[in-house]
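Visitor: If it helps, the file is called protein_37.cif and holds mmCIF, C-alpha atoms:
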data_entry
loop_
_atom_site.label_atom_id
_atom_site.label_comp_id
_atom_site.auth_asym_id
_atom_site.auth_seq_id
_atom_site.Cartn_x
_atom_site.Cartn_y
_atom_site.Cartn_z
CA MET O 139 188.60 171.42 99.37
CA SER O 140 189.66 169.29 96.40
CA GLU O 141 190.53 170.97 93.15
CA PHE O 142 188.44 170.22 90.09
CA LEU O 143 190.07 168.58 87.07
CA TYR O 144 188.76 171.36 84.84
CA GLY O 145 189.18 174.00 87.51
CA ASP O 146 190.65 176.56 85.13
CA ASN O 147 187.39 176.56 83.18
CA ILE O 148 185.10 176.05 86.14
CA ASN O 149 186.58 178.96 88.07
CA GLN O 150 185.56 181.33 85.31
CA LEU O 151 181.90 180.46 85.80
CA SER O 152 179.48 181.57 88.47
CA ASN O 153 177.85 178.94 90.65
CA CYS O 154 179.71 176.02 89.07
CA PRO O 155 179.12 173.39 90.15
CA PRO O 156 175.83 174.39 91.80
CA GLU O 157 175.43 173.90 95.54
CA CYS O 158 173.29 170.81 95.11
CA TYR O 159 176.24 168.86 93.69
CA ALA O 160 177.69 166.53 96.29
CA GLU O 161 180.34 163.90 96.73
CA VAL O 162 178.97 160.44 96.16
CA ASN O 163 179.80 156.78 96.54
CA VAL O 164 177.97 155.14 93.67
CA LEU O 165 178.26 152.81 90.74
CA ALA O 166 177.83 154.82 87.56
CA TYR O 167 177.43 153.89 83.91
CA ARG O 168 178.70 155.65 80.81
CA TRP O 169 178.41 155.23 77.08
CA ILE O 170 181.90 154.68 75.73
CA PHE O 171 183.58 153.94 72.43
CA ASP O 172 185.08 150.56 71.50
CA ASN O 173 188.62 151.28 72.48
CA ILE O 174 188.51 151.94 76.20
CA SER O 175 191.44 154.31 75.95
CA ASP O 176 189.61 156.47 73.38
CA GLU O 177 189.98 160.06 74.61
CA ARG O 178 186.27 160.71 74.05
CA ASN O 179 185.49 158.24 76.84
CA PHE O 180 186.99 160.56 79.42
CA VAL O 181 186.49 164.09 78.12
CA PRO O 182 183.38 166.17 78.81
CA ARG O 183 181.39 167.56 75.94
CA TYR O 184 182.77 171.08 76.60
CA PHE O 185 185.88 170.05 74.74
CA SER O 186 184.15 168.50 71.76
CA ARG O 187 183.73 170.89 68.89
CA PRO O 188 181.67 172.53 67.66
CA PRO O 189 179.11 173.12 70.40
CA LYS O 190 175.54 172.68 69.22
CA TYR O 191 174.17 175.82 70.74
CA ASN O 192 175.31 179.24 71.67
CA TRP O 193 176.93 179.13 75.07
CA LYS O 194 174.80 181.82 76.51
CA ASN O 195 175.03 181.19 80.20
CA ASP O 196 177.30 179.78 82.82
CA GLU O 197 174.83 177.08 83.80
CA GLU O 198 175.04 175.47 80.36
CA LYS O 199 178.81 175.83 80.23
CA CYS O 200 179.05 174.25 83.66
CA LYS O 201 176.99 171.26 82.56
CA ASP O 202 179.20 170.89 79.51
CA LEU O 203 182.26 170.67 81.73
CA ALA O 204 180.78 167.64 83.50
CA ILE O 205 180.98 163.98 82.56
CA SER O 206 177.67 162.39 81.48
CA LEU O 207 176.73 159.33 83.49
CA PHE O 208 173.73 157.11 84.23
CA ASP O 209 172.61 155.60 87.49
CA SER O 210 172.01 152.13 86.03
CA CYS O 211 172.98 150.00 83.07
CA ASN O 212 169.32 149.68 82.09
CA ASN O 213 168.80 153.44 82.04
CA ALA O 214 171.96 153.92 79.99
CA LYS O 215 170.76 151.32 77.50
CA SER O 216 167.19 152.59 77.33
CA ARG O 217 168.29 156.14 76.61
CA PHE O 218 170.75 154.97 73.98
CA ASN O 219 168.09 152.84 72.29
CA PHE O 220 165.93 155.92 71.92
CA PHE O 221 168.80 157.81 70.30
CA PHE O 222 169.51 154.87 68.05
CA LYS O 223 165.93 155.04 66.79
CA THR O 224 166.30 158.76 66.29
CA MET O 225 169.83 158.99 64.90
CA ASN O 226 170.19 155.54 63.37
CA ASN O 227 173.82 154.38 63.07
CA LYS O 228 175.03 157.90 63.82
CA ALA O 229 174.34 157.03 67.45
CA TYR O 230 177.22 154.55 67.37
CA GLN O 231 179.44 157.10 65.69
CA PHE O 232 178.73 159.98 68.05
CA LEU O 233 177.48 158.56 71.35
CA GLY O 234 179.29 155.28 71.89
CA THR O 235 179.19 151.57 71.29
CA LYS O 236 179.42 150.05 74.76
CA ILE O 237 178.36 150.63 78.34
CA ALA O 238 181.05 150.86 80.96
CA GLU O 239 180.67 150.77 84.71
CA CYS O 240 182.79 152.66 87.19
CA PHE O 241 182.71 153.21 90.91
CA LEU O 242 182.76 156.84 91.99
CA SER O 243 183.89 157.56 95.50
CA HIS O 244 183.70 160.78 97.45
CA LYS O 245 187.36 161.31 96.56
CA ASP O 246 186.63 161.37 92.83
CA GLY O 247 184.34 164.37 92.39
CA VAL O 248 180.82 165.70 92.82
CA ALA O 249 177.56 164.70 91.11
CA ASP O 250 174.20 166.41 90.62
CA ILE O 251 172.32 163.82 92.63
CA CYS O 252 169.75 166.50 93.48
CA ASP O 253 168.86 167.04 89.84
CA LYS O 254 169.03 163.58 88.33
CA ASP O 255 166.64 163.50 85.40
CA LYS O 256 163.96 160.93 84.60
CA PHE O 257 166.35 159.07 82.31
CA GLY O 258 168.68 158.33 85.21
CA HIS O 259 171.24 160.65 83.65
CA PHE O 260 173.42 162.81 85.88
CA ASN O 261 176.50 165.01 85.58
CA PHE O 262 179.77 164.53 87.38
CA HIS O 263 182.58 167.03 87.93
CA PRO O 264 185.79 165.08 88.53
CA TYR O 265 188.45 166.18 90.99
CA LYS O 266 192.01 166.64 89.78
CA ASN O 267 193.28 164.02 92.21
CA GLY O 268 190.37 161.58 91.80
CA ASN O 269 190.52 158.44 89.71
CA ARG O 270 189.27 160.32 86.57
CA LEU O 271 187.20 157.34 85.41
CA GLN O 272 190.32 155.20 85.16
CA ASN O 273 188.40 152.23 86.55
CA LEU O 274 185.92 152.07 83.64
CA LYS O 275 184.97 148.47 82.94
CA ILE O 276 182.90 147.42 79.93
CA VAL O 277 179.74 145.65 81.08
CA ASP O 278 177.44 145.64 78.04
CA GLU O 279 177.12 146.33 74.33
CA LEU O 280 175.00 149.14 72.99
CA MET C 166 181.61 165.10 57.02
CA ASN C 167 180.83 164.41 53.38
CA ASP C 168 180.47 167.12 50.79
CA ILE C 169 176.89 166.78 49.60
CA ASN C 170 176.23 167.49 45.96
CA ALA C 171 173.16 169.70 46.09
CA VAL C 172 171.91 173.11 45.07
CA LYS C 173 173.56 175.91 47.01
CA ILE C 174 171.48 178.88 48.10
CA ASN C 175 172.73 182.19 49.41
CA HIS C 176 169.95 183.03 51.78
CA PHE C 177 166.52 182.01 52.95
CA ASP C 178 163.63 184.23 51.94
CA PHE C 179 162.33 183.92 55.47
CA THR C 180 163.61 184.30 59.01
CA LEU C 181 163.60 181.38 61.40
CA SER C 182 162.54 181.77 65.02
CA LYS C 183 163.31 179.01 67.43
CA LYS C 184 160.36 177.66 69.40
CA ASP C 185 162.02 174.96 71.49
CA ASP C 186 163.83 171.65 71.48
CA LEU C 187 162.00 168.35 71.10
CA ILE C 188 165.00 166.04 71.51
CA PHE C 189 168.03 167.09 73.48
CA HIS C 190 171.23 165.38 74.50
CA GLU C 191 174.35 167.43 75.02
CA GLY C 192 172.72 170.00 72.76
CA PRO C 193 169.62 169.95 70.57
CA ILE C 194 168.95 167.07 68.19
CA LEU C 195 165.46 168.02 67.01
CA THR C 196 164.16 171.58 67.27
CA HIS C 197 160.94 173.31 66.25
CA PHE C 198 161.18 176.60 64.33
CA THR C 199 158.64 178.94 62.78
CA ASN C 200 158.99 181.81 60.33
CA GLU C 201 157.24 185.14 59.76
CA TYR C 202 154.61 183.46 57.55
CA GLY C 203 153.60 181.09 60.29
CA TRP C 204 155.23 178.09 58.66
CA ASP C 205 156.53 175.38 60.92
CA PHE C 206 159.87 173.66 60.48
CA PHE C 207 161.77 170.95 62.26
CA MET C 208 165.54 171.13 62.30
CA TYR C 209 167.17 167.75 62.75
CA TRP C 210 170.85 167.26 63.58
CA CYS C 211 172.45 164.74 61.23
CA ASP C 212 176.25 165.11 61.29
CA ASN C 213 179.20 167.14 62.43
CA ASP C 214 182.93 167.65 62.03
CA ALA C 215 185.44 169.82 63.87
CA GLU C 216 183.94 173.03 62.52
CA PHE C 217 180.29 172.52 61.80
CA ASN C 218 177.15 170.83 62.92
CA ARG C 219 175.03 169.74 59.98
CA TRP C 220 171.26 169.97 60.10
CA LEU C 221 168.29 169.09 57.93
CA LEU C 222 165.58 171.76 57.96
CA PHE C 223 162.18 170.70 56.66
CA ARG C 224 158.62 171.95 56.61
CA ILE C 225 156.01 170.30 58.76
CA ASP C 226 152.28 170.84 58.80
CA ASN C 227 149.44 170.13 61.13
CA LEU C 228 148.32 166.92 59.47
CA LEU C 229 151.79 165.39 59.44
CA LEU C 230 152.30 166.42 63.02
CA LYS C 231 149.05 164.80 64.08
CA ASP C 232 150.11 161.55 62.46
CA PHE C 233 153.49 161.88 64.10
CA PHE C 234 152.06 162.36 67.58
CA LEU C 235 149.62 159.50 66.97
CA ARG C 236 152.64 157.38 66.03
CA LYS C 237 151.23 156.76 62.57
CA LYS C 238 154.25 158.44 61.02
CA SER C 239 157.86 158.37 62.18
CA LEU C 240 160.32 161.23 62.29
CA ARG C 241 161.89 159.69 59.19
CA GLN C 242 158.52 159.87 57.43
CA LEU C 243 158.08 163.50 58.48
CA ILE C 244 161.26 164.26 56.58
CA LEU C 245 160.52 162.08 53.56
CA ASN C 246 156.84 163.04 53.31
CA ASN C 247 157.30 166.76 53.79
CA ARG C 248 155.16 168.62 51.32
CA GLN C 249 157.96 170.61 49.73
CA GLY C 250 159.67 167.44 48.59
CA PHE C 251 163.03 168.74 49.67
CA VAL C 252 164.98 169.67 52.77
CA TYR C 253 167.41 172.44 53.48
CA LEU C 254 170.84 171.16 54.44
CA ILE C 255 172.62 173.65 56.66
CA ASP C 256 176.06 173.68 58.24
CA ILE C 257 176.17 175.80 61.41
CA ASN C 258 179.42 176.77 63.09
CA GLU C 259 180.03 177.40 66.76
CA ASN C 260 179.09 181.06 66.38
CA ILE C 261 175.68 179.90 65.16
CA GLU C 262 176.39 181.20 61.67
CA TYR C 263 174.40 179.43 58.97
CA THR C 264 176.88 178.54 56.29
CA ASN C 265 176.78 176.20 53.33
CA LYS C 266 173.03 176.26 52.81
CA LYS C 267 171.74 173.82 50.22
CA ILE C 268 168.49 172.44 48.90
CA LEU C 269 168.39 168.70 48.78
CA SER C 270 165.65 166.62 47.20
CA ILE C 271 164.29 164.08 49.65
CA ASN C 272 165.52 161.35 47.32
CA GLU C 273 169.07 162.64 47.59
CA ILE C 274 169.32 162.69 51.38
CA PRO C 275 172.16 160.33 52.39
CA ILE C 276 170.62 157.30 54.04
CA ASP C 277 172.76 157.70 57.14
CA TYR C 278 171.39 161.22 57.62
CA LEU C 279 167.89 159.88 58.13
CA PRO C 280 166.38 158.69 61.42
CA SER C 281 165.61 154.98 61.59
CA ILE C 282 162.34 153.55 60.30
CA ASN C 283 161.33 153.09 63.95
CA SER C 284 161.77 156.73 64.86
CA PHE C 285 158.24 157.11 66.19
CA PHE C 286 157.28 159.69 68.79
CA ASP C 287 158.30 158.58 72.25
CA GLU C 288 156.72 160.75 74.91
CA PHE C 289 159.06 159.60 77.65
CA HIS C 290 162.24 160.46 75.81
CA TYR C 291 161.11 163.67 74.10
CA GLU C 292 161.51 166.97 75.91
CA GLU C 293 158.59 168.55 77.76
CA TYR C 294 158.04 170.92 74.84
CA ALA C 295 156.82 167.98 72.76
CA LYS C 296 153.76 167.71 75.01
CA ILE C 297 153.01 171.39 74.49
CA LEU C 298 153.39 171.08 70.73
CA ARG C 299 151.19 167.98 70.69
CA LYS C 300 148.49 169.84 72.58
CA GLU C 301 148.69 172.78 70.16
CA THR C 302 148.63 170.42 67.18
CA PHE C 303 145.39 168.80 68.19
CA LYS C 304 143.87 172.11 69.22
CA ASN C 305 144.47 173.54 65.77
CA GLN C 306 141.50 172.44 63.66
CA SER C 307 142.20 174.67 60.67
CA VAL C 308 143.10 171.65 58.58
CA THR C 309 140.36 169.15 59.07
CA ASN C 310 140.52 166.76 56.19
CA GLN C 311 142.86 165.26 53.67
CA LYS C 312 141.58 167.26 50.71
CA GLU C 313 142.29 170.54 52.41
CA ALA C 314 145.64 169.30 53.62
CA ASP C 315 146.56 168.26 50.08
CA ASN C 316 145.77 171.78 48.93
CA LEU C 317 148.45 173.08 51.26
CA ILE C 318 151.12 171.75 48.93
CA ILE C 319 153.22 174.71 47.90
CA LEU C 320 155.75 173.35 45.48
CA PRO C 321 156.45 170.09 43.75
CA PRO C 322 159.96 168.69 44.10
CA ILE C 323 161.39 170.72 41.25
CA ILE C 324 165.02 170.01 41.96
CA GLU C 325 164.83 166.49 40.63
CA LYS C 326 163.35 167.66 37.38
CA TYR C 327 166.07 170.19 36.66
CA ASN C 328 169.31 168.51 37.38
CA ASN C 329 171.93 170.65 35.69
CA LYS C 330 173.27 173.90 37.03
CA LYS C 331 171.71 176.27 34.52
CA THR C 332 168.23 174.98 34.88
CA ILE C 333 168.56 174.61 38.60
CA LYS C 334 169.34 178.28 38.82
CA CYS C 335 166.35 178.98 36.66
CA SER C 336 164.10 176.71 38.67
CA LEU C 337 165.16 178.40 41.87
CA ASN C 338 164.20 181.74 40.37
CA ILE C 339 160.89 180.25 39.43
CA GLN C 340 160.52 178.97 42.91
CA GLU C 341 161.19 182.40 44.31
CA ILE C 342 158.77 184.05 41.91
CA TYR C 343 156.18 181.48 42.76
CA PHE C 344 156.66 181.97 46.43
CA ASN C 345 156.46 185.73 46.09
CA GLN C 346 153.32 185.48 44.01
CA ILE C 347 151.36 183.43 46.41
CA LYS C 348 152.86 183.61 49.84
CA SER C 349 151.44 187.05 50.57
CA ASN C 350 147.88 185.86 50.28
CA PHE C 351 148.12 182.11 50.59
CA TRP C 352 148.50 181.94 54.29
CA ASN C 353 145.88 184.58 54.96
CA SER C 354 143.43 182.57 52.92
CA THR C 355 144.17 179.39 54.82
CA LYS C 356 142.95 181.04 57.98
CA ASN C 357 139.43 180.76 56.59
CA ARG C 358 140.07 177.44 54.87
CA LEU C 359 141.04 177.14 51.26
CA THR C 360 138.27 177.54 48.75
CA ASP C 361 138.05 175.52 45.57
CA ASN C 362 138.33 178.74 43.62
CA TYR C 363 141.52 179.71 45.37
CA TYR C 364 142.95 176.26 44.86
CA SER C 365 142.11 176.44 41.17
CA ASN C 366 143.85 179.82 40.92
CA SER C 367 146.88 178.45 42.72
CA LEU C 368 147.08 175.57 40.31
CA ASN C 369 146.86 177.94 37.35
CA THR C 370 149.66 180.00 38.83
CA LEU C 371 151.69 176.88 39.26
CA LYS C 372 151.07 175.84 35.67
CA ASN C 373 152.11 179.28 34.43
CA VAL C 374 155.37 179.51 36.30
CA TYR C 375 156.30 176.00 35.26
CA ASP C 376 155.13 176.63 31.72
CA LEU C 377 152.87 173.61 31.86
CA ASN C 378 150.01 174.99 29.76
#
Can the structure from this file be put into C-alpha cells for me?
Guide:
Amino acid sequence: MSEFLYGDNINQLSNCPPECYAEVNVLAYRWIFDNISDERNFVPRYFSRPPKYNWKNDEEKCKDLAISLFDSCNNAKSRFNFFFKTMNNKAYQFLGTKIAECFLSHKDGVADICDKDKFGHFNFHPYKNGNRLQNLKIVDEL
Amino acid sequence: MNDINAVKINHFDFTLSKKDDLIFHEGPILTHFTNEYGWDFFMYWCDNDAEFNRWLLFRIDNLLLKDFFLRKKSLRQLILNNRQGFVYLIDINENIEYTNKKILSINEIPIDYLPSINSFFDEFHYEEYAKILRKETFKNQSVTNQKEADNLIILPPIIEKYNNKKTIKCSLNIQEIYFNQIKSNFWNSTKNRLTDNYYSNSLNTLKNVYDLN
C-alpha cells in the first residue's frame, strides 16, 4: 500500500482516511493563488494557522489533512463566487485568485468520491510518491 | 492583520452558546450564537494572521432575520443595521481563547471587513442549519410589526458620541448600568409583547442614564 504524504499526521488519527476514500482517475479543479509555486497552492488547511475551530475529533483533523478540490471548473467558480459575495475581496486574499486543473491518477492518492458534497467539492489525500499536484495548470480566473 | 482603533473591553456581561454554522468552508465563516438572555448573535469571520482569527460579533433580531431570509437585506446590512449600532471585534486564537475584545461602531468597521453589498441569503450555499433557522424565524411571531420591533432597540450607538478615552470609559459604565437596569425584566416583558407603558419607562430610563432630561 502506498504511503501518504502526510502519513506522520494521518497515522495518529483513527479511521483516516475513511474506508470510502478510493483511488481515482479524474480531472480535478482547485482554487490557487497567482503564483503557481505559492506554497499555499499545495498545502492542506491543516498546516495553515490558526485553525478556525477546536480540533475536537479525528474526523475533522483528517479532513484538514486533505487537499480541497472540485469536480468541475464551473463548480469551483460557483462556490468561489458565493464566497466572494460573502467575504468580498478577502476571498481573493484567503481562498485564491485562479482556478487550476490537474489530473489525478490512482497513483497519486485517494479521494472521498463517496462523500462528494453538493458543491462538487471533495477531499484528496495525496500519496508520498504521487505527483503531489505538480501538474496544476491554470485554466480560469476567479 | 491591522490593529483596529476601538474601545477595548475586558469581558462580556453574557455567555455565548454556539447554535450552529451558517456558512462553512475549511472552518466556520458565519455562525449563530445565543446568550443566557435569549439574545441572538451572528459571528462573522473577517480576517486572520498567524495567531488569531478575527471575528465580528453582532446582535440580530427576528425582524432583521426575516428580511435577510426574504433577501430584502444582505448579510452586510445585518451588520450595519444591527440595533446596537456597534459590533464586537474579537480575536480568537487556536485554543479558542477570546482575546483582544473591542467595541466598534458600525461606522468604524473597516470596509474590507464587511461582506459585499450582494451578500444576500443563498439557500444553496448556506449550511443546512440555515434552513432550520429560517423555519424558526418565521415561526416566531412575537415581533409582528415595525413599531414593536423598533421598541426592541436597547442602546443607541454611544461610542461615536464619546470619542475620547475618559468618556468612553464612562459611557461603557453607563452602558453596563443601563443593561443591568433593564435586562432583567426587558426580555421577560417582550414575551408578552412590549406595552406602551413599558416602552415609555424604558425611554425615561434611557434619558436618565444619558442625562438627557
Visitor: Set out as CSV a contact list for chain C and chain O with a cut-off of 6 Å, giving each residue of chain C that qualifies its closest atom pair and distance in Å to one decimal, counting only C-alpha atoms, ordered by chain and rising residue number.
Guide:
residue,atom,partner,partner_atom,distance
C:Gly192,CA,O:Lys190,CA,5.3
C:Ala215,CA,O:Arg187,CA,5.4
C:Glu216,CA,O:Pro188,CA,5.6
C:Glu259,CA,O:Pro188,CA,5.2
C:Pro280,CA,O:Thr224,CA,4.9
C:Ser281,CA,O:Asn226,CA,4.9
C:Asn283,CA,O:Lys223,CA,5.7
C:Ser284,CA,O:Lys223,CA,4.9
Visitor: Deliver the residues from the most recent selection as a file, using C-alpha atoms, as an mmCIF file, in the frame of the given file.
Guide:
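See part_38.cif below for the written result:
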data_model
loop_
_atom_site.group_PDB
_atom_site.id
_atom_site.type_symbol
_atom_site.label_atom_id
_atom_site.label_comp_id
_atom_site.auth_asym_id
_atom_site.auth_seq_id
_atom_site.Cartn_x
_atom_site.Cartn_y
_atom_site.Cartn_z
ATOM 1 C CA GLY C 192 172.720 170.000 72.760
ATOM 2 C CA ALA C 215 185.440 169.820 63.870
ATOM 3 C CA GLU C 216 183.940 173.030 62.520
ATOM 4 C CA GLU C 259 180.030 177.400 66.760
ATOM 5 C CA PRO C 280 166.380 158.690 61.420
ATOM 6 C CA SER C 281 165.610 154.980 61.590
ATOM 7 C CA ASN C 283 161.330 153.090 63.950
ATOM 8 C CA SER C 284 161.770 156.730 64.860
#
Visitor: Any idea what the distance is between CA of Gln272 (chain O) and CA of Cys240 (chain O)?
Guide: 8.2 Å
Visitor: For the structure provided, state which residues fall under the PyMOL selection byres ((chain C and resi 271) around 8), and present them as a short mmCIF file (atom, residue, chain, number, x, y, z; two decimals) with C-alpha atoms, in the frame of the given file.
Guide:
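File produced: out.cif:
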data_model
loop_
_atom_site.label_atom_id
_atom_site.label_comp_id
_atom_site.auth_asym_id
_atom_site.auth_seq_id
_atom_site.Cartn_x
_atom_site.Cartn_y
_atom_site.Cartn_z
CA ILE C 244 161.26 164.26 56.58
CA LEU C 245 160.52 162.08 53.56
CA GLY C 250 159.67 167.44 48.59
CA PHE C 251 163.03 168.74 49.67
CA VAL C 252 164.98 169.67 52.77
CA LEU C 269 168.39 168.70 48.78
CA SER C 270 165.65 166.62 47.20
CA ASN C 272 165.52 161.35 47.32
CA GLU C 273 169.07 162.64 47.59
CA ILE C 274 169.32 162.69 51.38
#
Visitor: If the PyMOL selection byres ((chain C and resi 299) around 12) is run on the structure shown, which residues does it catch, given as a PyMOL selection string?
Guide: chain C and resi 187+197+227-236+286-288+291-298+300-305
Visitor: Hey, can you check how far CA of Arg219 (chain C) sits from CA of Ala171 (chain C)?
Guide: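 Computing it gives 14.0 Å between the two atoms.
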Visitor: Please determine, counting all atoms listed in the file, which residue among C:Gln249, C:Ser239, C:Asn200, C:Asn213 has the shortest atom-to-atom distance to Ile268 (chain C).
Guide: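 Among C:Gln249, C:Ser239, C:Asn200, C:Asn213, it is C:Gln249 that comes nearest to Ile268 (chain C).
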Visitor: Can you measure CA of Ile174 (chain C) to CA of Ile255 (chain C) for me? One decimal in Å is fine.
Guide: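 One can read the CA of Ile174 (chain C) to CA of Ile255 (chain C) distance as 10.1 Å.
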Visitor: Need to verify the contact set: Asp256 (chain C), 8 Å, only C-alpha atoms, exclusion of same-chain residues closer than 6 positions in sequence. Can you return it as a PyMOL selection string?
Guide: chain C and resi 217-220+263-266
Visitor: Find the residues near Gly145 (chain O): any atom within 10 Å, counting only C-alpha atoms, skip ones fewer than 5 places away on the same chain, and give them as JSON, numbers by chain.
Guide: {"O": [150, 151, 154, 203, 263, 264, 265, 266]}
Visitor: Go ahead and write the residues just picked, C-alpha atoms, as an mmCIF file, keeping the file's coordinate frame.
Guide:
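Saved file again_36.cif follows:
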data_model
loop_
_atom_site.group_PDB
_atom_site.id
_atom_site.type_symbol
_atom_site.label_atom_id
_atom_site.label_comp_id
_atom_site.auth_asym_id
_atom_site.auth_seq_id
_atom_site.Cartn_x
_atom_site.Cartn_y
_atom_site.Cartn_z
ATOM 1 C CA GLN O 150 185.560 181.330 85.310
ATOM 2 C CA LEU O 151 181.900 180.460 85.800
ATOM 3 C CA CYS O 154 179.710 176.020 89.070
ATOM 4 C CA LEU O 203 182.260 170.670 81.730
ATOM 5 C CA HIS O 263 182.580 167.030 87.930
ATOM 6 C CA PRO O 264 185.790 165.080 88.530
ATOM 7 C CA TYR O 265 188.450 166.180 90.990
ATOM 8 C CA LYS O 266 192.010 166.640 89.780
#
Visitor: Could you pull the residues within 9 Å of region 171-174 of chain O, counting only C-alpha atoms, minus those fewer than 2 positions along the same chain, as a list in words?
Guide: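 Close residues of region 171-174 of chain O: Trp169, Asp176, Glu177, Arg178, Asn179, Tyr230, Gln231, Phe232, Leu233, Gly234, Thr235, Lys236, Ile237, Ala238, Leu274, Lys275 and Ile276 of chain O.
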Visitor: Return as a list in words the set of residues that the PyMOL selection byres ((chain C and resi 167) around 10) yields on the displayed structure.
Guide: Met166, Asp168, Ile169, Asn170, Asp212, Asn213, Asp214 and Pro275 of chain C
Visitor: Please write out, as JSON, where the centre of an axis-aligned box around all listed atoms of region 206-225 of chain O lies and how long its edges are, in Å to one decimal, after adding 8 Å on each side.
Guide:
{"center_x": 171.8, "center_y": 156.0, "center_z": 76.2, "size_x": 27.7, "size_y": 28.7, "size_z": 38.6}
Visitor: What residues have an atom no more than 8 Å from (176.6, 154.2, 80.9) in the file's own frame, counting all atoms listed in the file, and can you write them as number ranges by chain?
Guide: O: 166-170, 207-211, 213-215, 236-239
Visitor: Produce a file of the selected residues containing C-alpha atoms, as a short mmCIF file (atom, residue, chain, number, x, y, z; two decimals), keeping the file's coordinate frame.
Guide:
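Once everything was written out, this is result-v6.cif:
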data_model
loop_
_atom_site.label_atom_id
_atom_site.label_comp_id
_atom_site.auth_asym_id
_atom_site.auth_seq_id
_atom_site.Cartn_x
_atom_site.Cartn_y
_atom_site.Cartn_z
CA ALA O 166 177.83 154.82 87.56
CA TYR O 167 177.43 153.89 83.91
CA ARG O 168 178.70 155.65 80.81
CA TRP O 169 178.41 155.23 77.08
CA ILE O 170 181.90 154.68 75.73
CA LEU O 207 176.73 159.33 83.49
CA PHE O 208 173.73 157.11 84.23
CA ASP O 209 172.61 155.60 87.49
CA SER O 210 172.01 152.13 86.03
CA CYS O 211 172.98 150.00 83.07
CA ASN O 213 168.80 153.44 82.04
CA ALA O 214 171.96 153.92 79.99
CA LYS O 215 170.76 151.32 77.50
CA LYS O 236 179.42 150.05 74.76
CA ILE O 237 178.36 150.63 78.34
CA ALA O 238 181.05 150.86 80.96
CA GLU O 239 180.67 150.77 84.71
#
Visitor: What lies within 8 Å of Glu201 (chain C) using all atoms listed in the file, ignoring chain neighbours under 4 positions off, as JSON, numbers by chain?
Guide: {"C": [179, 180, 181]}
